[in-house]
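Structure file work22.txt with compact mmCIF, C-alpha atoms (C1' of nucleotides):
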```txt
# COMPACT_ATOMS: atom_id res chain seq x y z
CA MET A 1 -24.34 -1.60 49.11
CA PRO A 2 -24.90 0.85 46.21
CA LYS A 3 -26.22 4.32 46.69
CA PRO A 4 -29.99 4.75 46.83
CA LEU A 5 -31.11 5.76 43.39
CA PRO A 6 -33.70 8.47 42.80
CA VAL A 7 -36.76 6.39 42.20
CA VAL A 8 -39.52 7.93 40.15
CA ASP A 9 -41.74 5.37 38.53
CA VAL A 10 -39.54 2.42 37.88
CA ASP A 11 -42.24 -0.19 37.76
CA THR A 12 -43.85 1.32 34.67
CA SER A 13 -42.90 0.41 31.13
CA MET A 14 -40.49 3.32 30.78
CA CYS A 15 -37.56 3.15 33.14
CA CYS A 16 -36.36 6.73 32.60
CA GLN A 17 -37.51 9.87 30.90
CA PRO A 18 -37.03 9.91 27.13
CA LEU A 19 -33.87 11.46 25.74
CA ALA A 20 -33.72 14.86 24.17
CA GLU A 21 -33.60 15.19 20.44
CA ALA A 22 -30.28 14.00 19.11
CA PRO A 23 -28.25 16.64 17.25
CA LEU A 24 -27.09 14.06 14.70
CA THR A 25 -29.55 12.68 12.19
CA THR A 26 -29.09 9.26 10.64
CA THR A 27 -27.81 10.63 7.34
CA GLU A 28 -25.49 13.06 9.09
CA ALA A 29 -24.04 10.24 11.18
CA THR A 30 -23.60 8.04 8.11
CA ASP A 31 -21.79 10.73 6.16
CA LEU A 32 -19.56 11.71 9.05
CA ALA A 33 -18.74 8.07 9.77
CA ARG A 34 -17.76 7.59 6.14
CA ARG A 35 -15.15 10.33 6.36
CA LEU A 36 -14.00 9.21 9.79
CA LYS A 37 -13.52 5.65 8.54
CA ALA A 38 -11.21 7.04 5.89
CA ILE A 39 -8.79 8.40 8.49
CA ALA A 40 -9.36 5.70 11.10
CA ASP A 41 -6.42 3.67 9.84
CA PRO A 42 -2.79 3.81 10.96
CA GLN A 43 -1.32 3.80 7.47
CA ARG A 44 -3.70 6.44 6.17
CA LEU A 45 -2.96 8.64 9.18
CA ARG A 46 0.75 8.30 8.49
CA LEU A 47 -0.01 8.98 4.84
CA LEU A 48 -1.74 12.24 5.71
CA SER A 49 1.09 13.30 7.99
CA LEU A 50 3.63 12.45 5.33
CA LEU A 51 1.77 14.59 2.82
CA MET A 52 1.46 17.52 5.19
CA ALA A 53 5.12 17.31 6.17
CA ALA A 54 6.32 16.90 2.59
CA PRO A 55 8.08 19.74 0.80
CA ASP A 56 5.48 21.97 -0.87
CA GLY A 57 2.88 19.85 0.93
CA GLU A 58 2.66 17.29 -1.82
CA ALA A 59 4.10 13.93 -2.77
CA CYS A 60 3.70 11.29 -5.44
CA THR A 61 2.83 7.67 -4.81
CA CYS A 62 6.36 6.44 -5.30
CA ASP A 63 7.55 8.66 -2.46
CA LEU A 64 5.17 7.08 0.00
CA THR A 65 5.74 3.38 -0.42
CA ALA A 66 9.16 3.36 1.25
CA PRO A 67 8.37 5.33 4.44
CA LEU A 68 5.15 3.36 4.92
CA ASP A 69 6.77 0.02 4.07
CA LEU A 70 3.77 -0.94 1.96
CA SER A 71 3.40 -2.21 -1.57
CA GLN A 72 2.54 0.23 -4.34
CA PRO A 73 -1.01 -1.11 -4.87
CA THR A 74 -1.72 -0.80 -1.17
CA VAL A 75 -0.57 2.82 -1.08
CA SER A 76 -2.63 3.53 -4.17
CA HIS A 77 -5.61 1.94 -2.48
CA HIS A 78 -5.23 4.09 0.64
CA LEU A 79 -4.82 7.24 -1.40
CA LYS A 80 -7.98 6.38 -3.29
CA LYS A 81 -9.88 5.96 -0.03
CA LEU A 82 -8.72 9.37 1.15
CA HIS A 83 -9.50 10.90 -2.22
CA GLU A 84 -13.03 9.49 -2.31
CA VAL A 85 -13.98 11.49 0.79
CA GLY A 86 -12.15 14.62 -0.36
CA LEU A 87 -9.40 14.53 2.23
CA VAL A 88 -6.65 14.58 -0.39
CA THR A 89 -6.48 16.07 -3.86
CA ALA A 90 -4.86 14.33 -6.81
CA GLU A 91 -3.07 16.03 -9.67
CA ARG A 92 -1.48 14.19 -12.55
CA ARG A 93 1.80 15.73 -13.72
CA GLY A 94 3.47 13.64 -16.35
CA VAL A 95 4.00 10.12 -15.14
CA TRP A 96 3.48 11.03 -11.52
CA THR A 97 0.33 11.72 -9.56
CA TYR A 98 0.87 14.27 -6.85
CA TYR A 99 -1.31 14.07 -3.79
CA ARG A 100 -1.99 16.87 -1.35
CA ALA A 101 -3.87 16.92 1.95
CA ASP A 102 -6.87 19.27 2.15
CA PRO A 103 -6.76 21.08 5.51
CA GLU A 104 -10.32 22.37 5.22
CA ALA A 105 -11.66 18.88 4.68
CA LEU A 106 -9.78 17.73 7.77
CA THR A 107 -11.23 20.44 9.97
CA ALA A 108 -14.66 19.72 8.52
CA VAL A 109 -14.34 16.18 9.85
CA THR A 110 -13.30 17.23 13.33
CA ALA A 111 -15.75 20.13 13.62
CA PRO A 112 -18.87 18.10 14.47
CA LEU A 113 -17.00 16.34 17.27
CA LEU A 114 -16.00 19.44 19.19
CA PRO A 115 -18.02 20.18 22.33
CA LYS A 116 -19.97 23.26 21.24
CA ASP A 117 -19.84 25.70 18.34
CA SER A 118 -21.30 28.60 20.32
CA MET B 1 0.34 17.90 -23.44
CA PRO B 2 1.06 18.25 -19.71
CA LYS B 3 3.23 20.92 -18.27
CA PRO B 4 6.99 20.34 -18.25
CA LEU B 5 7.89 19.02 -14.85
CA PRO B 6 10.98 20.22 -13.01
CA VAL B 7 13.38 17.45 -13.85
CA VAL B 8 16.23 16.87 -11.45
CA ASP B 9 17.63 13.38 -11.64
CA VAL B 10 14.75 11.24 -12.73
CA ASP B 11 16.79 8.46 -14.25
CA THR B 12 18.37 7.54 -10.95
CA SER B 13 16.81 5.16 -8.45
CA MET B 14 15.18 7.94 -6.48
CA CYS B 15 12.57 9.90 -8.43
CA CYS B 16 12.17 12.72 -5.91
CA GLN B 17 13.81 14.00 -2.80
CA PRO B 18 12.94 12.08 0.33
CA LEU B 19 10.10 13.36 2.44
CA ALA B 20 10.55 15.29 5.63
CA GLU B 21 10.23 13.53 8.92
CA ALA B 22 6.64 12.55 9.56
CA PRO B 23 5.07 14.07 12.66
CA LEU B 24 3.24 10.82 13.38
CA THR B 25 5.19 7.78 14.53
CA THR B 26 3.89 4.28 13.92
CA THR B 27 2.73 3.81 17.49
CA GLU B 28 1.10 7.25 17.55
CA ALA B 29 -0.77 6.46 14.36
CA THR B 30 -1.88 3.08 15.69
CA ASP B 31 -3.18 4.54 18.93
CA LEU B 32 -4.96 7.42 17.24
CA ALA B 33 -6.49 5.09 14.66
CA ARG B 34 -7.79 2.88 17.46
CA ARG B 35 -9.73 5.78 18.97
CA LEU B 36 -10.87 7.04 15.59
CA LYS B 37 -12.19 3.61 14.67
CA ALA B 38 -14.32 3.74 17.80
CA ILE B 39 -16.20 6.80 16.58
CA ALA B 40 -16.06 5.97 12.86
CA ASP B 41 -19.44 4.27 12.96
CA PRO B 42 -22.86 5.80 12.36
CA GLN B 43 -24.55 4.16 15.34
CA ARG B 44 -21.74 5.04 17.73
CA LEU B 45 -21.79 8.63 16.54
CA ARG B 46 -25.51 8.79 17.17
CA LEU B 47 -24.85 7.11 20.51
CA LEU B 48 -22.42 9.84 21.50
CA SER B 49 -24.77 12.58 20.39
CA LEU B 50 -27.62 10.98 22.29
CA LEU B 51 -25.51 10.88 25.45
CA MET B 52 -24.42 14.49 25.09
CA ALA B 53 -27.96 15.67 24.42
CA ALA B 54 -29.45 13.60 27.24
CA PRO B 55 -30.64 15.29 30.43
CA ASP B 56 -27.73 15.55 32.87
CA GLY B 57 -25.55 14.28 30.03
CA GLU B 58 -26.09 10.64 30.85
CA ALA B 59 -28.28 7.72 29.86
CA CYS B 60 -28.63 4.03 30.57
CA THR B 61 -28.55 1.30 27.94
CA CYS B 62 -32.29 0.81 27.94
CA ASP B 63 -32.78 4.44 26.90
CA LEU B 64 -30.62 4.03 23.82
CA THR B 65 -32.03 0.95 22.13
CA ALA B 66 -35.26 2.60 20.99
CA PRO B 67 -33.85 5.79 19.38
CA LEU B 68 -31.11 3.79 17.67
CA ASP B 69 -33.46 1.01 16.61
CA LEU B 70 -30.90 -1.61 17.60
CA SER B 71 -31.04 -4.68 19.79
CA GLN B 72 -29.85 -4.47 23.38
CA PRO B 73 -26.73 -6.63 22.80
CA THR B 74 -25.72 -4.43 19.89
CA VAL B 75 -26.06 -1.24 21.92
CA SER B 76 -24.09 -2.85 24.73
CA HIS B 77 -21.42 -3.81 22.23
CA HIS B 78 -21.13 -0.27 20.89
CA LEU B 79 -20.98 1.19 24.38
CA LYS B 80 -18.21 -1.22 25.23
CA LYS B 81 -16.25 -0.15 22.18
CA LEU B 82 -16.55 3.49 23.19
CA HIS B 83 -15.67 2.66 26.78
CA GLU B 84 -12.55 0.72 25.82
CA VAL B 85 -10.98 3.84 24.33
CA GLY B 86 -12.16 6.10 27.13
CA LEU B 87 -14.69 8.08 25.13
CA VAL B 88 -17.53 7.24 27.52
CA THR B 89 -17.59 6.53 31.24
CA ALA B 90 -19.75 3.85 32.81
CA GLU B 91 -21.30 4.00 36.27
CA ARG B 92 -23.43 1.25 37.72
CA ARG B 93 -26.34 2.51 39.78
CA GLY B 94 -28.60 -0.28 40.91
CA VAL B 95 -29.78 -2.29 37.96
CA TRP B 96 -28.88 0.35 35.44
CA THR B 97 -25.52 1.33 33.97
CA TYR B 98 -25.33 5.02 33.21
CA TYR B 99 -23.05 6.09 30.41
CA ARG B 100 -21.62 9.54 29.90
CA ALA B 101 -19.56 11.03 27.07
CA ASP B 102 -16.12 12.37 28.01
CA PRO B 103 -15.61 15.74 26.24
CA GLU B 104 -11.87 15.83 26.96
CA ALA B 105 -11.38 12.43 25.37
CA LEU B 106 -13.25 13.65 22.30
CA THR B 107 -11.10 16.74 21.90
CA ALA B 108 -8.02 14.59 22.47
CA VAL B 109 -9.01 12.58 19.41
CA THR B 110 -9.56 15.59 17.18
CA ALA B 111 -6.53 17.53 18.41
CA PRO B 112 -3.87 15.70 16.34
CA LEU B 113 -5.89 16.27 13.19
CA LEU B 114 -6.05 20.04 13.41
CA PRO B 115 -3.72 21.97 11.07
CA LYS B 116 -1.21 23.38 13.54
CA ASP B 117 -1.02 23.74 17.32
CA SER B 118 1.22 26.77 17.26
C1' DC C 1 -35.65 -17.79 48.21
C1' DA C 2 -37.56 -17.03 43.85
C1' DC C 3 -38.77 -14.07 40.30
C1' DG C 4 -38.11 -10.17 37.05
C1' DC C 5 -35.45 -6.62 35.13
C1' DA C 6 -31.19 -4.41 33.06
C1' DC C 7 -27.06 -5.50 31.30
C1' DA C 8 -23.06 -8.28 29.59
C1' DT C 9 -21.19 -12.14 27.12
C1' DC C 10 -21.20 -15.85 23.66
C1' DG C 11 -21.70 -17.94 19.18
C1' DA C 12 -22.87 -17.32 14.58
C1' DC C 13 -23.69 -15.03 10.30
C1' DG C 14 -22.83 -11.89 6.39
C1' DT C 15 -20.18 -8.09 5.06
C1' DA C 16 -16.36 -4.96 4.75
C1' DC C 17 -11.46 -4.08 5.34
C1' DG C 18 -6.18 -4.25 4.62
C1' DT C 19 -2.88 -6.38 2.06
C1' DC C 20 -0.41 -8.36 -1.77
C1' DA C 21 0.96 -10.37 -6.57
C1' DA C 22 -0.40 -9.99 -11.11
C1' DT C 23 -2.12 -7.36 -14.73
C1' DG C 24 -3.78 -3.25 -17.26
C1' DA C 25 -3.45 1.86 -18.52
C1' DT C 26 -1.02 6.01 -19.51
C1' DT C 27 2.87 8.87 -20.07
C1' DG C 28 7.74 10.19 -21.61
C1' DA C 29 11.83 8.85 -23.85
C1' DT C 30 14.63 6.31 -27.20
C1' DA D 1 7.02 2.18 -32.57
C1' DT D 2 9.01 0.23 -28.87
C1' DC D 3 10.30 0.38 -24.18
C1' DA D 4 10.58 1.67 -19.29
C1' DA D 5 8.52 3.94 -15.43
C1' DT D 6 4.54 5.39 -12.53
C1' DC D 7 0.20 4.54 -11.21
C1' DA D 8 -4.51 2.21 -11.10
C1' DT D 9 -7.30 -1.91 -11.17
C1' DT D 10 -8.33 -6.77 -10.43
C1' DG D 11 -8.64 -11.02 -7.89
C1' DA D 12 -7.62 -13.37 -3.90
C1' DC D 13 -6.71 -14.16 0.94
C1' DG D 14 -7.12 -13.70 5.99
C1' DT D 15 -8.96 -10.84 9.39
C1' DA D 16 -12.00 -7.69 11.70
C1' DC D 17 -16.51 -5.55 12.05
C1' DG D 18 -21.72 -4.95 12.88
C1' DT D 19 -25.59 -7.34 14.04
C1' DC D 20 -28.63 -10.57 16.15
C1' DG D 21 -30.67 -14.50 19.15
C1' DA D 22 -29.63 -17.13 23.02
C1' DT D 23 -27.67 -17.44 27.33
C1' DG D 24 -25.26 -15.91 31.58
C1' DT D 25 -24.72 -12.40 35.53
C1' DG D 26 -25.98 -9.26 39.00
C1' DC D 27 -29.31 -6.45 41.41
C1' DG D 28 -33.89 -5.21 43.55
C1' DT D 29 -38.49 -6.73 44.96
C1' DG D 30 -42.04 -9.57 46.82
```
Entire entry expressed as structure tokens:
Amino acid sequence: MPKPLPVVDVDTSMCCQPLAEAPLTTTEATDLARRLKAIADPQRLRLLSLLMAAPDGEACTCDLTAPLDLSQPTVSHHLKKLHEVGLVTAERRGVWTYYRADPEALTAVTAPLLPKDS
Amino acid sequence: MPKPLPVVDVDTSMCCQPLAEAPLTTTEATDLARRLKAIADPQRLRLLSLLMAAPDGEACTCDLTAPLDLSQPTVSHHLKKLHEVGLVTAERRGVWTYYRADPEALTAVTAPLLPKDS
DNA sequence: CACGCACATCGACGTACGTCAATGATTGAT
DNA sequence: ATCAATCATTGACGTACGTCGATGTGCGTG
């Protein structure tokens, strides 16, 4: 049999005491989820790691299609997704567009998830 | 006109030098993306924050439907998603199921995204 | 045993996502 | 001006996601 639970006033409308104020508002959660969705993809994670491991920390689109084994439009699409949330920067140099991962934007995504910022 | 780019051997098949080895393998990226997808949702982020801010760090399903303004099946679905990747623990006590956020699992998700672990 | 409560599962719906082939846009070179 | 190369955009396809109502499951009470 299960352990006896600390009964308080179960037969009322409220089964437990109300929760404390949540530290994340609706808009905060929406914005954070938007950035998290951008990196919550295997190919985009590999994309970021490829950029960070690249010489001079940058790479053009044509460099990324082969190691990811994806078509050029797909890589362009992923880079756009990452760019929209500010996780990568884009710089056009001649025919090529060089992408670069933004470390500060990455830490800004992980910061709200850490236990406490005391 | 754009700046003159450092030409090396552009007219060959390879436009640039190949990238350095990526620190993320395909399986690593897939696994990390799976856990990131679990938290890349506004409601699940609010769910986690509600759990962490709750008294004793735990709450049952019935406590979470009202502050999230979601139906009970939807909350149950989100809790299952978080449970599948180990971000929350579930403990049945009587009629209620008490959920609790796992701080170590959260830091394990953010760890690979931080700049360097030197 | 029968009833009520909390929770999980199922089925369905609309929407968003990941991917590609085809096409358009822009740049540098001939 | 024409051409080739890189990249972005479009349209389409299958799949997965978020949400709900309805239903099933398990537990505690009378």
Shell around DC17 of chain D at 10 Å using only C-alpha atoms (C1' of nucleotides), local window under 4 positions removed, as a PDB file with C-alpha atoms (C1' of nucleotides), in the coordinates of the input:
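File produced: selection.pdb:
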```
ATOM      1  C1'  DT C  15     -20.180  -8.090   5.060  1.00  0.00           C
ATOM      2  C1'  DA C  16     -16.360  -4.960   4.750  1.00  0.00           C
ATOM      3  C1'  DC C  17     -11.460  -4.080   5.340  1.00  0.00           C
TER       4       DC C  17
END
```
Original post:
Within 9 Å of chain A, which residues of chain C show up when using all atoms listed in the file, listed as an MDAnalysis selection string?
Top reply: chainID C and resid 18:20 26:28
Using all atoms listed in the file, find each residue of chain D with at least one atom at most 9 Å away from an atom of chain A; report its shortest atom-to-atom pair and that distance in Å (one decimal), sort the rows by chain and rising residue number, and return the result as JSON lines.
```
{"residue": "D:DA5", "atom": "C1'", "partner": "A:Val95", "partner_atom": "CA", "distance": 7.7}
{"residue": "D:DT6", "atom": "C1'", "partner": "A:Val95", "partner_atom": "CA", "distance": 5.4}
{"residue": "D:DC7", "atom": "C1'", "partner": "A:Trp96", "partner_atom": "CA", "distance": 7.3}
{"residue": "D:DA8", "atom": "C1'", "partner": "A:Ser76", "partner_atom": "CA", "distance": 7.3}
{"residue": "D:DT9", "atom": "C1'", "partner": "A:Pro73", "partner_atom": "CA", "distance": 8.9}
```
Show me, as a PDB file with C-alpha atoms, keeping the file's coordinate frame, every residue of chain A with an atom at most 6 Å from chain B, counting all atoms listed in the file.
```
ATOM      1  CA  LEU A  19     -33.870  11.460  25.740  1.00  0.00           C
ATOM      2  CA  ALA A  20     -33.720  14.860  24.170  1.00  0.00           C
ATOM      3  CA  ALA A  22     -30.280  14.000  19.110  1.00  0.00           C
ATOM      4  CA  ALA A  29     -24.040  10.240  11.180  1.00  0.00           C
ATOM      5  CA  THR A  30     -23.600   8.040   8.110  1.00  0.00           C
ATOM      6  CA  ALA A  33     -18.740   8.070   9.770  1.00  0.00           C
ATOM      7  CA  LEU A  36     -14.000   9.210   9.790  1.00  0.00           C
ATOM      8  CA  LYS A  37     -13.520   5.650   8.540  1.00  0.00           C
ATOM      9  CA  ALA A  40      -9.360   5.700  11.100  1.00  0.00           C
ATOM     10  CA  ASP A  41      -6.420   3.670   9.840  1.00  0.00           C
ATOM     11  CA  PRO A  42      -2.790   3.810  10.960  1.00  0.00           C
ATOM     12  CA  SER A  49       1.090  13.300   7.990  1.00  0.00           C
ATOM     13  CA  LEU A  50       3.630  12.450   5.330  1.00  0.00           C
ATOM     14  CA  ALA A  53       5.120  17.310   6.170  1.00  0.00           C
ATOM     15  CA  ALA A  54       6.320  16.900   2.590  1.00  0.00           C
ATOM     16  CA  THR A 110     -13.300  17.230  13.330  1.00  0.00           C
TER      17      THR A 110
END
```
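For the pair atom CA of Leu87 of chain B and atom C1' of DT19 of chain D, the interatomic distance is 21.9 Å.
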**OP:** Excluding DT30 of chain C and residues on its chain fewer than 3 positions from it, collect all residues at most 12 Å away from it, counting all atoms listed in the file, and give them as a count of residues only.
**Re:** 4
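Between atom CA of Gly86 of chain A and atom CA of Lys81 of chain B the interatomic distance comes to 27.3 Å.
Interatomic distance, atom C1' of DG18 of chain D against atom C1' of DC7 of chain C: 19.2 Å.
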File output for chain D (C-alpha atoms (C1' of nucleotides)) as a PDB file, in the first residue's frame:
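What follows is the written file part18.pdb:
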```
ATOM      1  C1'  DA D   1      27.387  41.903 -71.857  1.00  0.00           C
ATOM      2  C1'  DT D   2      27.536  37.358 -71.021  1.00  0.00           C
ATOM      3  C1'  DC D   3      28.518  33.621 -68.054  1.00  0.00           C
ATOM      4  C1'  DA D   4      29.504  30.872 -63.923  1.00  0.00           C
ATOM      5  C1'  DA D   5      29.399  30.516 -59.006  1.00  0.00           C
ATOM      6  C1'  DT D   6      27.315  31.307 -54.373  1.00  0.00           C
ATOM      7  C1'  DC D   7      23.476  32.095 -51.945  1.00  0.00           C
ATOM      8  C1'  DA D   8      18.397  33.072 -50.998  1.00  0.00           C
ATOM      9  C1'  DT D   9      13.582  32.251 -51.958  1.00  0.00           C
ATOM     10  C1'  DT D  10       9.592  29.613 -53.472  1.00  0.00           C
ATOM     11  C1'  DG D  11       6.507  25.732 -53.664  1.00  0.00           C
ATOM     12  C1'  DA D  12       5.654  21.243 -52.394  1.00  0.00           C
ATOM     13  C1'  DC D  13       5.736  17.086 -49.647  1.00  0.00           C
ATOM     14  C1'  DG D  14       5.649  14.121 -45.513  1.00  0.00           C
ATOM     15  C1'  DT D  15       6.100  14.281 -40.730  1.00  0.00           C
ATOM     16  C1'  DA D  16       5.861  15.936 -36.074  1.00  0.00           C
ATOM     17  C1'  DC D  17       3.877  19.094 -32.731  1.00  0.00           C
ATOM     18  C1'  DG D  18       0.352  21.426 -29.526  1.00  0.00           C
ATOM     19  C1'  DT D  19      -4.151  21.247 -28.210  1.00  0.00           C
ATOM     20  C1'  DC D  20      -8.603  19.558 -27.000  1.00  0.00           C
ATOM     21  C1'  DG D  21     -12.781  16.397 -25.930  1.00  0.00           C
ATOM     22  C1'  DA D  22     -13.797  11.828 -24.894  1.00  0.00           C
ATOM     23  C1'  DT D  23     -12.602   7.766 -22.749  1.00  0.00           C
ATOM     24  C1'  DG D  24      -9.855   4.536 -19.892  1.00  0.00           C
ATOM     25  C1'  DT D  25      -7.195   3.502 -15.408  1.00  0.00           C
ATOM     26  C1'  DG D  26      -6.127   3.482 -10.677  1.00  0.00           C
ATOM     27  C1'  DC D  27      -6.811   5.028  -5.997  1.00  0.00           C
ATOM     28  C1'  DG D  28      -9.466   6.514  -1.775  1.00  0.00           C
ATOM     29  C1'  DT D  29     -13.941   7.011   0.493  1.00  0.00           C
ATOM     30  C1'  DG D  30     -18.518   5.949   1.950  1.00  0.00           C
TER      31       DG D  30
END
```
